[in-house]
Amino acid sequence: MKDKSLFVKLKNHILYGGIDKVEYKRVRSQIAEANLKALRHWSVLVSFFWAYCIIMSFYAADYGMCRPAYIIALGFCAFSYLCSRFIVTRYPNTLSVFKYIFRLSLLGGGIGIAVCQWGLRSLTLFAVAIISPSIFIDSTVSSLIVHCSALVLYILLGSNTISPDIYSWGLVNYILFSIFGLLIGNAINKERFERYVYAEYEKELAEMRMRYAYFDRMTGLRNRHAYEDMLLKLEEDPPSEFCVIMADINGLKKTNDTIGHKAGDELVIGASECLTAAFEGIETIYRIGGDEFCIIMIGSLEKAKLYLSNLEALMLQWRGSYIKSISVSTGAASIKDHEDVDSVIAEADKKMYESKQKYYLSIGIDREYH
């Protein structure tokens, strides 16, 4: 069991920046966005560096020997930047390709300097090998692929141009520097990945808190707190045309008293589902009490009545496990006929209670059970 745990930890470090696969997938899109910004930033920054080196190559002999390496590296940096602007934005999956090209160009430029400018070999190799794994928020395997590619490049460039003893010394140095760079990059990137995972958890926690603050847990509809906030907004800046629909479940108290609260909960959830389906596309549906709902919608009273006819049809089709039918009394009013929001709500409420009274009279049940 211990060996398996060590294997999993090693795999996570190599493939997922030190976090587990599930967390890696959760933050992958945020990491990609950060890496795209890093690619643009670094490709511009390093392009200025190579351009400076090219200018210096015309004034200093040591720089002149490395001019071909500067020019090639500058070309790849400019290519990486242009691709980040015009290709990656359209084809996001290509980001890893251009990250690879940019990092290889950075390492390749450093190797080119080391091959041409012997005095700066160790310093240059050290710098590029250490910096490269830390430029992007990346897994160790990605950095390893880049470093291995650069190692092949060093072998191809240096084997025929550098004396064997210096070439071997440089090869060993590059391998050692790459190992140090990979270890440092792994530690830095693990902290970066964890920071993004933590930020994602914080975001989800904030959303959950917001949901609990403004949404009813049972139905998923907006709650009374959200309803009161909406009323304040309407009072401050009322739309030229909007309607308020009040709705109340018929028989909820009797259901709770005679069948049980599970049946009552089923009625509440059923009513919320019917309201949500009937008023499809309207998110301002509120549960403002145990059996009371309110819908605030932009539009005319005629439009509200169309939605209410949909509600009637849906309630006729509804069937529950404890209760076989559902009934909701409604009342609607428009701002067109009133001067303020309170009077609109009062009229909608009055019409809803008139509808409820008719319902109970029609079935001959004592009104106290509502």
# chains A, B, ... in the order shown; residues from 1 in each chain; ligands from 1
>>> residues_around(residues="Gly264 of chain A", least_positions_apart="5", cutoff="9 Å", atoms="only C-alpha atoms", output="count of residues only")
10
>>> residues_around(residues="Met315 of chain A", least_positions_apart="4", cutoff="8 Å", atoms="only C-alpha atoms", output="mmCIF file with N, CA and C atoms, in the first residue's frame")
data_model
loop_
_atom_site.group_PDB
_atom_site.id
_atom_site.type_symbol
_atom_site.label_atom_id
_atom_site.label_comp_id
_atom_site.auth_asym_id
_atom_site.auth_seq_id
_atom_site.Cartn_x
_atom_site.Cartn_y
_atom_site.Cartn_z
ATOM 1 N N ALA A 271 -44.839 22.298 -7.065
ATOM 2 C CA ALA A 271 -45.287 23.637 -7.465
ATOM 3 C C ALA A 271 -44.133 24.434 -8.059
ATOM 4 N N CYS A 274 -43.427 23.194 -11.575
ATOM 5 C CA CYS A 274 -44.451 23.656 -12.520
ATOM 6 C C CYS A 274 -44.260 25.132 -12.846
ATOM 7 N N LEU A 311 -49.089 27.251 -16.883
ATOM 8 C CA LEU A 311 -49.029 26.698 -15.533
ATOM 9 C C LEU A 311 -50.218 25.777 -15.267
ATOM 10 N N SER A 325 -52.345 15.027 -7.271
ATOM 11 C CA SER A 325 -52.635 16.247 -8.039
ATOM 12 C C SER A 325 -52.123 17.466 -7.285
ATOM 13 N N ILE A 326 -52.011 18.560 -7.993
ATOM 14 C CA ILE A 326 -51.511 19.787 -7.394
ATOM 15 C C ILE A 326 -52.361 20.954 -7.876
ATOM 16 N N SER A 327 -52.561 21.927 -7.004
ATOM 17 C CA SER A 327 -53.343 23.116 -7.363
ATOM 18 C C SER A 327 -52.672 24.349 -6.764
#
>>> closest_residue(among="A:Ala247, A:Cys294, A:Leu301, A:Leu182", to="Ile135 of chain A", atoms="only C-alpha atoms")
A:Leu182
>>> select_by_dssp(residues="segment 217-305 of chain A", states="helix (DSSP H, G or I)", output="PyMOL selection string")
chain A and resi 224-236+252-258+261-278+301-305
>>> write_last_selection(atoms="N, CA and C atoms", output="short mmCIF file (atom, residue, chain, number, x, y, z; two decimals), in the first residue's frame")
data_model
loop_
_atom_site.label_atom_id
_atom_site.label_comp_id
_atom_site.auth_asym_id
_atom_site.auth_seq_id
_atom_site.Cartn_x
_atom_site.Cartn_y
_atom_site.Cartn_z
N ARG A 224 -36.70 34.65 -0.08
CA ARG A 224 -37.29 35.94 0.32
C ARG A 224 -36.24 37.05 0.38
N HIS A 225 -35.03 36.70 0.78
CA HIS A 225 -33.95 37.68 0.82
C HIS A 225 -33.74 38.27 -0.58
N ALA A 226 -33.66 37.41 -1.58
CA ALA A 226 -33.49 37.88 -2.96
C ALA A 226 -34.71 38.68 -3.41
N TYR A 227 -35.88 38.24 -2.99
CA TYR A 227 -37.14 38.92 -3.33
C TYR A 227 -37.14 40.36 -2.79
N GLU A 228 -36.73 40.52 -1.54
CA GLU A 228 -36.71 41.85 -0.95
C GLU A 228 -35.68 42.75 -1.63
N ASP A 229 -34.54 42.17 -2.01
CA ASP A 229 -33.55 42.95 -2.76
C ASP A 229 -34.11 43.41 -4.10
N MET A 230 -34.87 42.51 -4.75
CA MET A 230 -35.47 42.86 -6.04
C MET A 230 -36.49 43.98 -5.88
N LEU A 231 -37.27 43.97 -4.80
CA LEU A 231 -38.25 45.03 -4.56
C LEU A 231 -37.56 46.38 -4.40
N LEU A 232 -36.42 46.39 -3.69
CA LEU A 232 -35.67 47.64 -3.53
C LEU A 232 -35.21 48.18 -4.88
N LYS A 233 -34.72 47.28 -5.75
CA LYS A 233 -34.29 47.70 -7.08
C LYS A 233 -35.45 48.25 -7.89
N LEU A 234 -36.60 47.60 -7.79
CA LEU A 234 -37.78 48.05 -8.54
C LEU A 234 -38.25 49.42 -8.05
N GLU A 235 -38.15 49.64 -6.75
CA GLU A 235 -38.56 50.94 -6.21
C GLU A 235 -37.62 52.05 -6.65
N GLU A 236 -36.32 51.72 -6.72
CA GLU A 236 -35.33 52.73 -7.12
C GLU A 236 -35.39 53.04 -8.61
N LEU A 252 -51.83 22.92 1.24
CA LEU A 252 -50.55 22.46 1.81
C LEU A 252 -50.67 22.15 3.30
N LYS A 253 -51.37 22.99 4.04
CA LYS A 253 -51.51 22.76 5.49
C LYS A 253 -52.23 21.43 5.75
N LYS A 254 -53.32 21.20 5.02
CA LYS A 254 -54.06 19.96 5.20
C LYS A 254 -53.21 18.75 4.84
N THR A 255 -52.42 18.87 3.79
CA THR A 255 -51.54 17.77 3.38
C THR A 255 -50.53 17.47 4.47
N ASN A 256 -49.92 18.51 5.03
CA ASN A 256 -48.95 18.31 6.12
C ASN A 256 -49.61 17.66 7.34
N ASP A 257 -50.83 18.09 7.65
CA ASP A 257 -51.51 17.59 8.85
C ASP A 257 -52.03 16.17 8.70
N THR A 258 -52.48 15.83 7.51
CA THR A 258 -53.15 14.53 7.33
C THR A 258 -52.25 13.46 6.72
N HIS A 261 -45.32 15.58 6.37
CA HIS A 261 -44.51 16.65 5.80
C HIS A 261 -43.75 16.23 4.54
N LYS A 262 -43.53 14.94 4.38
CA LYS A 262 -42.91 14.49 3.13
C LYS A 262 -43.84 14.77 1.96
N ALA A 263 -45.12 14.54 2.17
CA ALA A 263 -46.10 14.85 1.13
C ALA A 263 -46.18 16.36 0.90
N GLY A 264 -46.10 17.13 2.00
CA GLY A 264 -46.11 18.58 1.88
C GLY A 264 -44.90 19.09 1.11
N ASP A 265 -43.74 18.51 1.40
CA ASP A 265 -42.52 18.89 0.66
C ASP A 265 -42.67 18.56 -0.82
N GLU A 266 -43.31 17.43 -1.08
CA GLU A 266 -43.53 17.04 -2.48
C GLU A 266 -44.40 18.07 -3.20
N LEU A 267 -45.40 18.60 -2.52
CA LEU A 267 -46.24 19.63 -3.11
C LEU A 267 -45.45 20.90 -3.39
N VAL A 268 -44.62 21.31 -2.44
CA VAL A 268 -43.82 22.53 -2.60
C VAL A 268 -42.86 22.39 -3.79
N ILE A 269 -42.18 21.24 -3.84
CA ILE A 269 -41.23 21.00 -4.94
C ILE A 269 -41.97 20.90 -6.27
N GLY A 270 -43.12 20.21 -6.25
CA GLY A 270 -43.92 20.09 -7.47
C GLY A 270 -44.39 21.43 -7.98
N ALA A 271 -44.84 22.30 -7.06
CA ALA A 271 -45.29 23.64 -7.47
C ALA A 271 -44.13 24.43 -8.06
N SER A 272 -42.95 24.34 -7.45
CA SER A 272 -41.79 25.09 -7.96
C SER A 272 -41.39 24.59 -9.34
N GLU A 273 -41.49 23.27 -9.55
CA GLU A 273 -41.16 22.71 -10.87
C GLU A 273 -42.15 23.17 -11.93
N CYS A 274 -43.43 23.19 -11.57
CA CYS A 274 -44.45 23.66 -12.52
C CYS A 274 -44.26 25.13 -12.85
N LEU A 275 -43.96 25.93 -11.83
CA LEU A 275 -43.74 27.36 -12.05
C LEU A 275 -42.51 27.60 -12.92
N THR A 276 -41.44 26.88 -12.64
CA THR A 276 -40.21 27.04 -13.42
C THR A 276 -40.44 26.66 -14.88
N ALA A 277 -41.16 25.56 -15.11
CA ALA A 277 -41.43 25.12 -16.48
C ALA A 277 -42.39 26.06 -17.19
N ALA A 278 -43.41 26.55 -16.47
CA ALA A 278 -44.41 27.43 -17.08
C ALA A 278 -43.79 28.78 -17.43
N LEU A 301 -49.56 42.40 -18.93
CA LEU A 301 -50.45 41.50 -18.20
C LEU A 301 -50.93 40.37 -19.11
N GLU A 302 -51.12 40.65 -20.39
CA GLU A 302 -51.54 39.61 -21.35
C GLU A 302 -50.48 38.52 -21.46
N LYS A 303 -49.22 38.94 -21.47
CA LYS A 303 -48.13 37.97 -21.53
C LYS A 303 -48.11 37.12 -20.26
N ALA A 304 -48.35 37.75 -19.12
CA ALA A 304 -48.37 37.01 -17.85
C ALA A 304 -49.48 35.97 -17.86
N LYS A 305 -50.64 36.32 -18.43
CA LYS A 305 -51.77 35.38 -18.48
C LYS A 305 -51.47 34.17 -19.36
#
>>> select_by_dssp(residues="segment 162-302 of chain A", states="strand (DSSP E)", output="MDAnalysis selection string")
chainID A and resid 242:249 285:287 292:298
>>> residues_around(residues="Cys148 of chain A", least_positions_apart="5", cutoff="12 Å", atoms="only C-alpha atoms", output="NGL selection string")
:A and (100 or 103-104 or 107-108 or 129 or 141-143 or 153-155 or 171 or 174-175 or 178-179 or 182)
>>> closest_residue(among="A:Val341, A:Ile137, A:Leu157, A:Leu176", to="Ile31 of chain A", atoms="only C-alpha atoms")
A:Ile137
>>> atom_distance(atom1="atom CA of Ile345 of chain A", atom2="atom CA of Met246 of chain A")
7.8 Å
>>> closest_residue(among="A:Ile14, A:Ile19, A:Leu95, A:Ala38", to="Val197 of chain A", atoms="only C-alpha atoms")
A:Ile19
>>> residues_around(residues="Tyr353 of chain A", least_positions_apart="5", cutoff="10 Å", atoms="only C-alpha atoms", output="JSON, numbers by chain")
{"A": [246, 247, 248, 329, 330, 331, 347, 348, 358, 359]}
>>> atom_distance(atom1="atom CA of Glu283 of chain A", atom2="atom CA of Asn223 of chain A")
11.9 Å
>>> closest_residue(among="A:Pro238, A:Gly320, A:Gly364, A:Gly110", to="Lys336 of chain A", atoms="only C-alpha atoms")
A:Pro238
>>> atom_distance(atom1="atom CA of Met65 of chain A", atom2="atom CA of Arg40 of chain A")
28.7 Å
